[in-house]
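The data block below is final.csv; it holds CSV, C-alpha atoms (C1' of nucleotides).
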chain,number,residue,atom,x,y,z
A,1,MET,CA,13.9,3.6,-5.8
A,2,LYS,CA,16.2,5.7,-7.9
A,3,ALA,CA,15.3,9.3,-8.5
A,4,ALA,CA,15.0,9.0,-12.3
A,5,SER,CA,12.7,6.1,-12.0
A,6,ARG,CA,10.5,8.0,-9.6
A,7,THR,CA,10.4,11.0,-12.0
A,8,PHE,CA,9.7,9.1,-15.2
A,9,ARG,CA,7.1,6.8,-13.6
A,10,ALA,CA,5.4,9.8,-12.2
A,11,LEU,CA,5.3,11.5,-15.6
A,12,ALA,CA,4.2,8.3,-17.3
A,13,ASP,CA,0.6,8.7,-16.3
A,14,PRO,CA,-1.6,11.1,-18.3
A,15,THR,CA,-3.7,12.1,-15.3
A,16,ARG,CA,-0.6,13.1,-13.4
A,17,ARG,CA,0.7,15.1,-16.4
A,18,GLN,CA,-2.6,16.9,-16.6
A,19,ILE,CA,-2.4,17.7,-12.9
A,20,LEU,CA,0.9,19.3,-13.6
A,21,GLN,CA,-0.5,21.3,-16.5
A,22,ASP,CA,-3.4,22.5,-14.2
A,23,LEU,CA,-0.9,23.6,-11.6
A,24,LYS,CA,0.9,25.7,-14.1
A,25,GLN,CA,-1.5,28.6,-13.4
A,26,GLY,CA,-0.9,28.4,-9.6
A,27,GLU,CA,-1.7,26.5,-6.5
A,28,LEU,CA,-4.8,24.3,-6.2
A,29,THR,CA,-6.2,22.3,-3.3
A,30,ALA,CA,-6.6,18.6,-3.6
A,31,GLY,CA,-10.4,19.1,-3.8
A,32,GLU,CA,-10.0,21.7,-6.7
A,33,ILE,CA,-7.9,19.3,-8.6
A,34,THR,CA,-10.3,16.4,-8.0
A,35,ALA,CA,-13.1,18.6,-9.4
A,36,ARG,CA,-11.3,18.9,-12.7
A,37,PHE,CA,-11.3,15.1,-13.3
A,38,SER,CA,-13.9,12.4,-13.4
A,39,ILE,CA,-11.8,10.3,-11.0
A,40,SER,CA,-12.5,9.7,-7.3
A,41,GLY,CA,-10.8,11.9,-4.6
A,42,PRO,CA,-8.8,9.0,-3.2
A,43,SER,CA,-7.4,8.2,-6.6
A,44,ILE,CA,-6.4,11.8,-7.2
A,45,SER,CA,-4.9,11.8,-3.7
A,46,ARG,CA,-2.7,8.9,-4.7
A,47,HIS,CA,-1.6,10.6,-7.9
A,48,LEU,CA,-0.7,13.7,-5.8
A,49,SER,CA,1.3,11.5,-3.5
A,50,ILE,CA,3.3,10.0,-6.4
A,51,LEU,CA,3.9,13.5,-7.8
A,52,LYS,CA,5.1,14.7,-4.5
A,53,GLY,CA,7.3,11.6,-4.0
A,54,ALA,CA,9.0,12.5,-7.3
A,55,ASP,CA,9.4,16.2,-6.2
A,56,LEU,CA,7.3,17.4,-9.1
A,57,VAL,CA,4.9,19.1,-6.7
A,58,SER,CA,5.0,20.4,-3.2
A,59,GLU,CA,2.2,20.7,-0.7
A,60,ARG,CA,1.3,23.4,1.8
A,61,ARG,CA,-1.4,22.9,4.5
A,62,ALA,CA,-3.8,25.8,5.1
A,63,GLY,CA,-6.3,24.8,7.8
A,64,ASN,CA,-8.5,22.2,6.4
A,65,ARG,CA,-7.1,22.2,2.9
A,66,ILE,CA,-3.9,21.2,1.3
A,67,PHE,CA,-2.6,23.3,-1.5
A,68,TYR,CA,-0.4,21.7,-4.2
A,69,ARG,CA,2.1,23.7,-6.2
A,70,LEU,CA,4.1,22.8,-9.3
A,71,GLU,CA,7.8,22.4,-8.7
A,72,ALA,CA,8.8,23.7,-12.1
A,73,ASP,CA,12.4,23.9,-11.0
A,74,GLY,CA,12.5,20.3,-9.9
A,75,ILE,CA,11.0,19.1,-13.1
A,76,ALA,CA,13.4,21.1,-15.3
A,77,THR,CA,16.3,19.9,-13.2
A,78,ALA,CA,15.4,16.3,-13.3
A,79,LEU,CA,14.7,16.2,-17.1
A,80,GLY,CA,17.7,18.4,-17.8
A,81,ASP,CA,20.0,16.2,-15.8
A,82,PHE,CA,18.8,13.1,-17.6
A,83,LEU,CA,19.2,14.8,-21.0
A,84,SER,CA,22.7,15.9,-20.3
A,85,THR,CA,23.8,12.4,-19.4
A,86,VAL,CA,22.1,10.6,-22.2
A,87,CYS,CA,22.2,13.2,-25.0
A,88,PRO,CA,25.5,15.0,-24.5
A,89,THR,CA,25.4,16.4,-28.1
A,90,GLN,CA,21.9,17.8,-27.5
A,91,ILE,CA,22.4,19.9,-24.5
A,92,LEU,CA,19.4,21.8,-23.3
A,93,HIS,CA,20.3,24.7,-21.0
A,94,ARG,CA,18.0,26.5,-18.8
A,95,ARG,CA,17.1,30.2,-19.0
A,96,LYS,CA,16.6,31.3,-15.5
A,97,ALA,CA,13.2,32.9,-15.0
A,98,LYS,CA,13.7,36.6,-15.0
A,99,LYS,CA,12.1,37.4,-11.7
A,100,GLU,CA,9.8,35.4,-9.4
A,101,SER,CA,6.5,36.9,-10.3
A,102,ARG,CA,4.8,34.7,-7.7
A,103,SER,CA,3.8,36.5,-4.5
B,1,MET,CA,-1.4,5.7,-26.9
B,2,LYS,CA,-0.3,9.3,-26.6
B,3,ALA,CA,3.3,10.1,-27.5
B,4,ALA,CA,4.2,11.6,-24.1
B,5,SER,CA,2.9,8.5,-22.4
B,6,ARG,CA,5.0,6.3,-24.7
B,7,THR,CA,8.0,8.4,-24.0
B,8,PHE,CA,7.8,8.5,-20.3
B,9,ARG,CA,6.7,4.9,-19.8
B,10,ALA,CA,9.7,3.9,-21.9
B,11,LEU,CA,12.0,6.0,-19.8
B,12,ALA,CA,10.5,4.8,-16.5
B,13,ASP,CA,12.4,1.5,-16.6
B,14,PRO,CA,16.0,1.5,-15.4
B,15,THR,CA,17.1,-1.2,-17.8
B,16,ARG,CA,15.8,0.9,-20.7
B,17,ARG,CA,17.6,4.0,-19.5
B,18,GLN,CA,20.8,2.0,-19.2
B,19,ILE,CA,20.4,0.8,-22.7
B,20,LEU,CA,20.1,4.4,-23.9
B,21,GLN,CA,23.3,5.2,-21.9
B,22,ASP,CA,25.1,2.3,-23.5
B,23,LEU,CA,24.0,3.5,-27.0
B,24,LYS,CA,25.5,6.9,-26.3
B,25,GLN,CA,28.9,5.6,-27.6
B,26,GLY,CA,27.4,4.3,-30.8
B,27,GLU,CA,25.4,1.6,-32.4
B,28,LEU,CA,25.1,-1.8,-30.8
B,29,THR,CA,23.4,-5.0,-31.9
B,30,ALA,CA,20.7,-6.6,-29.9
B,31,GLY,CA,23.1,-9.3,-28.9
B,32,GLU,CA,25.8,-6.9,-27.7
B,33,ILE,CA,23.2,-5.1,-25.6
B,34,THR,CA,22.0,-8.4,-24.2
B,35,ALA,CA,25.6,-9.3,-23.2
B,36,ARG,CA,25.7,-6.2,-21.0
B,37,PHE,CA,22.8,-7.2,-18.8
B,38,SER,CA,22.0,-10.3,-16.8
B,39,ILE,CA,18.6,-10.4,-18.4
B,40,SER,CA,17.4,-12.8,-21.1
B,41,GLY,CA,17.6,-11.9,-24.8
B,42,PRO,CA,13.9,-12.0,-25.3
B,43,SER,CA,13.4,-9.5,-22.4
B,44,ILE,CA,16.0,-7.2,-23.9
B,45,SER,CA,14.3,-7.5,-27.3
B,46,ARG,CA,11.1,-6.4,-25.7
B,47,HIS,CA,12.8,-3.4,-24.1
B,48,LEU,CA,14.2,-2.5,-27.4
B,49,SER,CA,10.8,-2.7,-29.0
B,50,ILE,CA,9.4,-0.4,-26.4
B,51,LEU,CA,12.3,2.1,-26.9
B,52,LYS,CA,11.7,2.0,-30.6
B,53,GLY,CA,8.0,2.5,-30.3
B,54,ALA,CA,8.7,5.6,-28.3
B,55,ASP,CA,11.2,6.8,-31.0
B,56,LEU,CA,14.0,6.8,-28.5
B,57,VAL,CA,16.1,4.4,-30.6
B,58,SER,CA,16.1,3.4,-34.3
B,59,GLU,CA,17.1,0.1,-35.8
B,60,ARG,CA,19.1,-0.9,-38.8
B,61,ARG,CA,19.3,-4.5,-40.1
B,62,ALA,CA,22.7,-5.7,-41.3
B,63,GLY,CA,22.5,-9.2,-42.4
B,64,ASN,CA,21.9,-11.4,-39.5
B,65,ARG,CA,22.2,-8.7,-36.9
B,66,ILE,CA,20.1,-5.6,-36.0
B,67,PHE,CA,21.9,-2.5,-34.9
B,68,TYR,CA,20.2,-0.1,-32.6
B,69,ARG,CA,21.1,3.5,-32.4
B,70,LEU,CA,20.2,6.2,-29.9
B,71,GLU,CA,17.8,8.8,-31.3
B,72,ALA,CA,19.2,11.7,-29.3
B,73,ASP,CA,17.3,14.2,-31.3
B,74,GLY,CA,14.0,12.5,-30.6
B,75,ILE,CA,14.6,12.3,-26.9
B,76,ALA,CA,15.6,15.9,-26.6
B,77,THR,CA,12.6,17.0,-28.6
B,78,ALA,CA,10.2,14.9,-26.6
B,79,LEU,CA,11.4,16.1,-23.2
B,80,GLY,CA,11.9,19.6,-24.5
B,81,ASP,CA,8.4,19.8,-25.8
B,82,PHE,CA,7.0,18.5,-22.5
B,83,LEU,CA,9.1,21.0,-20.5
B,84,SER,CA,8.0,23.9,-22.6
B,85,THR,CA,4.3,23.2,-22.0
B,86,VAL,CA,4.5,22.4,-18.3
B,87,CYS,CA,7.3,24.7,-17.2
B,88,PRO,CA,6.9,27.9,-19.3
B,89,THR,CA,9.0,29.8,-16.9
B,90,GLN,CA,11.8,27.3,-17.0
B,91,ILE,CA,12.4,27.1,-20.7
B,92,LEU,CA,15.2,24.8,-21.8
B,93,HIS,CA,16.5,25.5,-25.2
B,94,ARG,CA,18.5,23.3,-27.4
B,95,ARG,CA,22.0,24.1,-28.6
B,96,LYS,CA,22.2,22.5,-32.0
B,97,ALA,CA,25.1,20.1,-32.2
B,98,LYS,CA,27.9,21.9,-33.9
B,99,LYS,CA,28.3,19.4,-36.8
B,100,GLU,CA,27.2,15.8,-37.1
B,101,SER,CA,30.4,14.0,-36.4
B,102,ARG,CA,28.6,10.7,-37.2
B,103,SER,CA,29.6,9.2,-40.5
C,1,DA,C1',-17.6,16.4,22.9
C,2,DC,C1',-19.9,16.5,18.4
C,3,DA,C1',-20.6,17.6,13.9
C,4,DC,C1',-18.8,18.9,9.4
C,5,DT,C1',-15.5,19.4,5.6
C,6,DA,C1',-11.2,18.2,3.4
C,7,DT,C1',-8.0,14.8,2.6
C,8,DT,C1',-5.6,10.5,3.1
C,9,DT,C1',-5.1,5.5,4.1
C,10,DA,C1',-6.7,0.6,3.6
C,11,DG,C1',-8.2,-3.0,1.0
C,12,DC,C1',-10.0,-5.0,-3.2
C,13,DA,C1',-10.4,-6.0,-8.4
C,14,DA,C1',-8.9,-5.3,-13.1
C,15,DT,C1',-5.2,-4.3,-16.1
C,16,DA,C1',-0.4,-3.6,-17.3
C,17,DT,C1',4.6,-4.6,-16.9
C,18,DA,C1',8.7,-7.3,-16.8
C,19,DG,C1',10.9,-11.4,-16.2
C,20,DC,C1',11.4,-16.3,-17.9
C,21,DT,C1',11.5,-20.5,-21.5
C,22,DA,C1',10.1,-22.5,-25.8
C,23,DA,C1',9.1,-21.8,-30.5
C,24,DA,C1',9.2,-19.1,-34.7
C,25,DC,C1',11.4,-16.1,-37.9
C,26,DT,C1',15.5,-14.1,-40.9
C,27,DA,C1',19.7,-14.3,-42.9
C,28,DT,C1',24.1,-16.6,-44.0
C,29,DA,C1',26.7,-20.5,-45.4
C,30,DA,C1',27.7,-25.3,-46.4
D,1,DT,C1',18.2,-28.3,-48.3
D,2,DT,C1',20.1,-28.3,-43.9
D,3,DA,C1',22.4,-26.2,-40.3
D,4,DT,C1',23.6,-22.4,-37.5
D,5,DA,C1',23.5,-17.7,-35.4
D,6,DG,C1',20.9,-13.7,-34.2
D,7,DT,C1',16.6,-11.9,-33.0
D,8,DT,C1',11.8,-11.7,-32.2
D,9,DT,C1',7.1,-13.5,-30.9
D,10,DA,C1',4.1,-16.4,-28.0
D,11,DG,C1',2.6,-17.8,-23.7
D,12,DC,C1',3.3,-18.1,-18.9
D,13,DT,C1',3.9,-16.2,-13.9
D,14,DA,C1',4.8,-12.7,-10.5
D,15,DT,C1',4.5,-8.0,-9.3
D,16,DA,C1',3.1,-3.2,-9.9
D,17,DT,C1',-0.3,0.2,-11.1
D,18,DT,C1',-4.8,2.4,-11.2
D,19,DG,C1',-9.3,2.6,-10.4
D,20,DC,C1',-13.0,2.0,-6.8
D,21,DT,C1',-15.6,2.2,-1.9
D,22,DA,C1',-15.2,2.3,3.0
D,23,DA,C1',-12.9,3.8,6.9
D,24,DA,C1',-9.5,6.7,9.2
D,25,DT,C1',-7.2,11.2,10.1
D,26,DA,C1',-6.8,16.4,10.4
D,27,DG,C1',-8.7,20.7,11.2
D,28,DT,C1',-12.6,24.1,12.1
D,29,DG,C1',-16.5,25.5,14.5
D,30,DT,C1',-20.5,24.8,17.9
Give the structure from the file, written as structure tokens.
Amino acid sequence: MKAASRTFRALADPTRRQILQDLKQGELTAGEITARFSISGPSISRHLSILKGADLVSERRAGNRIFYRLEADGIATALGDFLSTVCPTQILHRRKAKKESRS
Amino acid sequence: MKAASRTFRALADPTRRQILQDLKQGELTAGEITARFSISGPSISRHLSILKGADLVSERRAGNRIFYRLEADGIATALGDFLSTVCPTQILHRRKAKKESRS
DNA sequence: ACACTATTTAGCAATATAGCTAAACTATAA
DNA sequence: TTATAGTTTAGCTATATTGCTAAATAGTGT
């Protein structure tokens, strides 16, 4: 499937968008994410897999748990690329984050 | 349905994204758009209705025909708004088009 | 090996999506 | 009014999506 389709399909679901919002504050495990929704673990797992397939999040295994992280750069790039091809008169340009304040 | 869902669901389909690309060059009638695809008129009509419902295009009736126009501003606003809420460290800001060169 | 926790994969049901054809609607023109 | 062109709406089928529960997998500790 084409990258843009993966991106927009992933963003089309409100649960997945909320997961991205939740990940804004930092990494969360699959279980922690599940706890924030009234949806079963397996369903959340599927949402995470779709987000990962669209490169909107990345995962990191730590023992038993899997931490998910927002891929803000990938999101901005994907949407920015689409915008620059479809709205050439409405260019959005990125302001590079000043300094990675993440550990 | 929530605005963001309408936007992203509309953008999730490759035919609809191609319609937007085609409208970059200027207005097209439903029939002209249909001619560019190997998809039936009614199906294209439905795609146009979804794009319109998401405020990604607008329509203008001219006698028999209906002209569709890209709503570049709406697209940029929708995606920009989402980006600024989900990727606060990756702010995209819009450079206002210099001057509406459209009639 | 066994138990225990965290997470994913498999398989199913309900709903949504996208394509089609046929019919209806809208506007122009004879 | 009748005809014709352009477009949408209605109704159908096939496929995709999202939710669930049950079962499998991965890792830790006893």
Env of Gln25 (chain A): 10 Å cut, atoms = only C-alpha atoms (C1' of nucleotides), seq-sep filter 6 positions within chain, self excluded. Answer as a PyMOL selection string.
(chain A and resi 69-70) or (chain B and resi 86)
Quick one: residues within 9 Å of DT7 (chain D), all atoms listed in the file counted, chain neighbours fewer than 3 positions away excluded, as JSON, numbers by chain?
{"B": [30, 31, 41, 42, 45, 64, 65, 66], "C": [25, 26]}
Using only C-alpha atoms (C1' of nucleotides), determine which residues lie at most 12 Å from DA16 (chain C), disregarding the query and same-chain residues fewer than 4 positions distant; provide the list as a CSV table (one decimal) with C-alpha atoms (C1' of nucleotides), in the coordinates of the input.
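around_6.csv, freshly written:
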chain,number,residue,atom,x,y,z
B,9,ARG,CA,6.7,4.9,-19.8
D,15,DT,C1',4.5,-8.0,-9.3
D,16,DA,C1',3.1,-3.2,-9.9
D,17,DT,C1',-0.3,0.2,-11.1
D,18,DT,C1',-4.8,2.4,-11.2
Please build the interface table for chain D against chain B with a cut-off of 8 Å, listing for each qualifying residue the nearest atom pair and the distance in Å to one decimal; count all atoms listed in the file, order rows by chain and increasing number, and write it as JSON lines.
{"residue": "D:DA5", "atom": "C1'", "partner": "B:Asn64", "partner_atom": "CA", "distance": 7.7}
{"residue": "D:DG6", "atom": "C1'", "partner": "B:Arg65", "partner_atom": "CA", "distance": 5.8}
{"residue": "D:DT7", "atom": "C1'", "partner": "B:Ala30", "partner_atom": "CA", "distance": 7.4}
{"residue": "D:DT8", "atom": "C1'", "partner": "B:Ser45", "partner_atom": "CA", "distance": 6.9}
Quick one: distance from CA of Ala12 (chain B) to C1' of DT17 (chain C) in Å, one decimal?
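Result for CA of Ala12 (chain B) versus C1' of DT17 (chain C): 11.1 Å, one decimal.
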When you count all atoms listed in the file, which of these residues is closest to Leu51 (chain B): B:Phe37, B:Glu32, B:Leu83, B:Leu20?
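Using all atoms listed in the file, the shortest distance to Leu51 (chain B) belongs to B:Leu20.
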